[in-house]
Amino acid sequence: MNLRNLWLLMVFVITLSGCVSMEGKFKGTAQANVGAFADQTIAMLSNSDLGVAQDNAIYVRHFIKPEWEEVKHYEMLTNEAELMLRGIVKYSIRLVTIAETNKTEETRIEAYTKYLEEVQQNAEGKLQLGPGYYDELVVKVGTEEKFLSALQQAQPIVNALGRYAQLLMDDINDATKKLAKKIDAQIDTEFAEVIAYQKALEKEKYAILKALGKLYRTYEGESAAFEEVLQSNVIRNKKLLPKGQPNEEDLHNIADHLVKRLDVIAKIWHEIEPDWNNYRETHRELDRLHAKVDQDANRMRAMVIVWLRAHQKMAAGVQNPAEWFDVESAPSQLFQMGVKAIF
């Protein structure tokens, strides 16, 4: 378990200990669902991860240079995503705190309004809301008489967080692609000699195999085939070249020469094969890691949308928490926000 998931688990335990009797205290009321909302939020987000664990990068880690701008940019974006998730968890827990420590609708709304004001500066900078729009929403929240109605008034802020998350995941996808391309080039640079040997041996091997095929055609009486053998320059021992048309002994000696050359190529290949396999496995691992980060980013897209939809349903008074966290509604919500979803 990485440190971020451990942190989320600790928050989850603390939340449970502080709100263990939430359902009992507020059973039959709207506030009962606030605790369930926070619990399900933490449980869902504890499965999110955009980092690459060291034990999953056995080969690739050697080729990643911390000083690369691509690495710094990727780490900056993933750190920003971590902060976003923590913000979602903190917000969800704060709702529980507000509902539990304030016994009237009026004081709950007042506490919620103050909280929105506390996070306003950071939220406005990240969520790209229009000038004055956040202030307007806070005023509307403060004028409501019911806590859930206040949450409904704040839904545009939650939706803006969803848009921010989608754009952030787009940036992470782009940064991952650029970083993977950089690592790919670094791998090829460090394995340049192995790549050159492999290409040369492959070229030589198939040239010899083609020549053996043409020798067989010569045996079958196709005289033009031997001319093709001569033009290919695969016969390195020039003493084997006949003055005119080759006889059977000439063809046998040339074939024997070519087979021995194949044996030499096989021995050389045996020496470099471990390095070549290492090279190929490094690329395969890079592809797997790239795909995993993209998959995790897309999963995070869905989770954020599921969360904001859950917030919307809770605020609308839907009593059953099982109806809130519905992943099937995520793609349509993304479409409504004007952001392409990839699952």
# chains A, B, ... in the order shown; residues from 1 in each chain; ligands from 1
$ closest_atom_pairs --of "range 136-216 of chain A" --to "range 74-85 of chain A" --cutoff "12 Å" --atoms "only C-alpha atoms" --output "CSV"
residue,atom,partner,partner_atom,distance
A:Val158,CA,A:Met84,CA,11.9
A:Leu161,CA,A:Met84,CA,8.7
A:Gly162,CA,A:Met84,CA,10.3
A:Tyr164,CA,A:Met84,CA,9.4
A:Ala165,CA,A:Ala81,CA,7.8
A:Gln166,CA,A:Ala81,CA,10.5
A:Leu167,CA,A:Ala81,CA,10.8
A:Leu168,CA,A:Ala81,CA,7.3
A:Met169,CA,A:Ala81,CA,8.1
A:Asp170,CA,A:Leu77,CA,10.3
A:Asp171,CA,A:Leu77,CA,7.5
A:Ile172,CA,A:Leu77,CA,6.2
A:Asn173,CA,A:Tyr74,CA,9.3
A:Asp174,CA,A:Tyr74,CA,9.1
A:Ala175,CA,A:Tyr74,CA,5.6
A:Thr176,CA,A:Tyr74,CA,6.7
A:Lys177,CA,A:Tyr74,CA,9.9
A:Lys178,CA,A:Tyr74,CA,9.2
A:Leu179,CA,A:Tyr74,CA,7.6
A:Ala180,CA,A:Tyr74,CA,10.6
$ write_last_selection --atoms "C-alpha atoms" --output "compact mmCIF listing (two decimals), in the first residue's frame"
# COMPACT_ATOMS: atom_id res chain seq x y z
CA VAL A 158 -18.70 20.86 -7.43
CA LEU A 161 -14.27 20.69 -9.84
CA GLY A 162 -15.36 17.93 -12.20
CA TYR A 164 -11.05 20.84 -13.59
CA ALA A 165 -10.43 17.13 -12.94
CA GLN A 166 -11.08 16.23 -16.58
CA LEU A 167 -8.69 18.90 -17.85
CA LEU A 168 -6.09 17.81 -15.31
CA MET A 169 -6.41 14.20 -16.47
CA ASP A 170 -6.00 15.39 -20.07
CA ASP A 171 -2.79 17.13 -19.05
CA ILE A 172 -1.59 14.00 -17.28
CA ASN A 173 -2.32 11.88 -20.36
CA ASP A 174 -0.34 14.33 -22.52
CA ALA A 175 2.53 14.53 -20.04
CA THR A 176 2.67 10.74 -19.79
CA LYS A 177 2.84 10.44 -23.57
CA LYS A 178 5.71 12.94 -23.79
CA LEU A 179 7.59 11.30 -20.92
CA ALA A 180 7.13 7.84 -22.43
$ select_by_dssp --residues "range 16-216 of chain A" --states "alpha helix (DSSP H)" --output "VMD selection string"
chain A and resid 16 to 19 22 to 26 32 to 45 69 to 101 105 to 118 120 to 127 133 to 143 147 to 153 155 to 190 192 to 216
$ closest_residue --among "A:Thr282, A:Gln295, A:Thr107, A:Ser46" --to "Arg61 in chain A" --atoms "only C-alpha atoms"
A:Thr282
$ atom_distance --atom1 "CA of Phe37 in chain A" --atom2 "CA of Val318 in chain A"
11.5 Å
$ residues_around --residues "range 56-59 of chain A" --least-positions-apart "5" --cutoff "8 Å" --atoms "only C-alpha atoms" --output "PyMOL selection string"
chain A and resi 281-282+285-286+289
$ write_last_selection --atoms "N, CA, C and O atoms" --output "tab-separated table (two decimals), in the first residue's frame"
chain	number	residue	atom	x	y	z
A	281	GLU	N	12.16	-6.28	-23.39
A	281	GLU	CA	11.36	-6.30	-22.17
A	281	GLU	C	11.24	-4.90	-21.56
A	281	GLU	O	10.21	-4.54	-21.00
A	282	THR	N	12.30	-4.11	-21.70
A	282	THR	CA	12.25	-2.73	-21.21
A	282	THR	C	11.19	-1.94	-21.95
A	282	THR	O	10.41	-1.19	-21.35
A	285	GLU	N	7.76	-3.18	-20.85
A	285	GLU	CA	7.42	-2.65	-19.53
A	285	GLU	C	7.00	-1.19	-19.63
A	285	GLU	O	6.03	-0.76	-18.98
A	286	LEU	N	7.71	-0.42	-20.45
A	286	LEU	CA	7.34	0.99	-20.65
A	286	LEU	C	5.92	1.09	-21.21
A	286	LEU	O	5.13	1.94	-20.76
A	289	LEU	N	3.46	0.36	-18.40
A	289	LEU	CA	3.36	1.46	-17.43
A	289	LEU	C	2.60	2.64	-18.02
A	289	LEU	O	1.78	3.27	-17.34
$ atom_distance --atom1 "CA of Gly221 in chain A" --atom2 "CA of Ile235 in chain A"
20.0 Å
$ residues_around --residues "range 122-139 of chain A" --least-positions-apart "4" --cutoff "7 Å" --atoms "only C-alpha atoms" --output "list in words"
Thr113, Leu116, Thr143, Gln153, Ala154, Ala160, Leu161 and Tyr164 of chain A
$ write_last_selection --atoms "N, CA, C and O atoms" --output "PDB file, in the first residue's frame"
ATOM      1  N   THR A 113     -21.339  27.850   4.734  1.00  0.00           N
ATOM      2  CA  THR A 113     -21.000  29.090   4.028  1.00  0.00           C
ATOM      3  C   THR A 113     -19.597  29.553   4.390  1.00  0.00           C
ATOM      4  O   THR A 113     -18.806  29.951   3.519  1.00  0.00           O
ATOM      5  N   LEU A 116     -17.016  27.414   2.600  1.00  0.00           N
ATOM      6  CA  LEU A 116     -16.857  27.797   1.194  1.00  0.00           C
ATOM      7  C   LEU A 116     -16.021  29.067   1.066  1.00  0.00           C
ATOM      8  O   LEU A 116     -15.229  29.207   0.123  1.00  0.00           O
ATOM      9  N   THR A 143     -28.469  32.067   1.887  1.00  0.00           N
ATOM     10  CA  THR A 143     -29.878  32.476   1.989  1.00  0.00           C
ATOM     11  C   THR A 143     -30.838  31.292   2.054  1.00  0.00           C
ATOM     12  O   THR A 143     -32.047  31.490   2.219  1.00  0.00           O
ATOM     13  N   GLN A 153     -27.323  24.575  -4.007  1.00  0.00           N
ATOM     14  CA  GLN A 153     -26.869  25.867  -4.528  1.00  0.00           C
ATOM     15  C   GLN A 153     -25.365  25.851  -4.825  1.00  0.00           C
ATOM     16  O   GLN A 153     -24.896  26.555  -5.727  1.00  0.00           O
ATOM     17  N   ALA A 154     -24.625  25.038  -4.075  1.00  0.00           N
ATOM     18  CA  ALA A 154     -23.169  24.959  -4.272  1.00  0.00           C
ATOM     19  C   ALA A 154     -22.780  23.949  -5.348  1.00  0.00           C
ATOM     20  O   ALA A 154     -21.592  23.813  -5.663  1.00  0.00           O
ATOM     21  N   ALA A 160     -17.740  22.400 -11.325  1.00  0.00           N
ATOM     22  CA  ALA A 160     -16.513  23.025 -11.822  1.00  0.00           C
ATOM     23  C   ALA A 160     -15.296  22.196 -11.435  1.00  0.00           C
ATOM     24  O   ALA A 160     -14.325  22.095 -12.195  1.00  0.00           O
ATOM     25  N   LEU A 161     -15.349  21.591 -10.248  1.00  0.00           N
ATOM     26  CA  LEU A 161     -14.275  20.691  -9.841  1.00  0.00           C
ATOM     27  C   LEU A 161     -14.190  19.505 -10.794  1.00  0.00           C
ATOM     28  O   LEU A 161     -13.097  19.044 -11.145  1.00  0.00           O
ATOM     29  N   TYR A 164     -12.475  20.687 -13.901  1.00  0.00           N
ATOM     30  CA  TYR A 164     -11.047  20.839 -13.592  1.00  0.00           C
ATOM     31  C   TYR A 164     -10.356  19.477 -13.585  1.00  0.00           C
ATOM     32  O   TYR A 164      -9.249  19.324 -14.113  1.00  0.00           O
TER      33      TYR A 164
END
$ closest_residue --among "A:Thr97, A:Glu105, A:Val234, A:Phe325" --to "Leu308 in chain A" --atoms "only C-alpha atoms"
A:Phe325
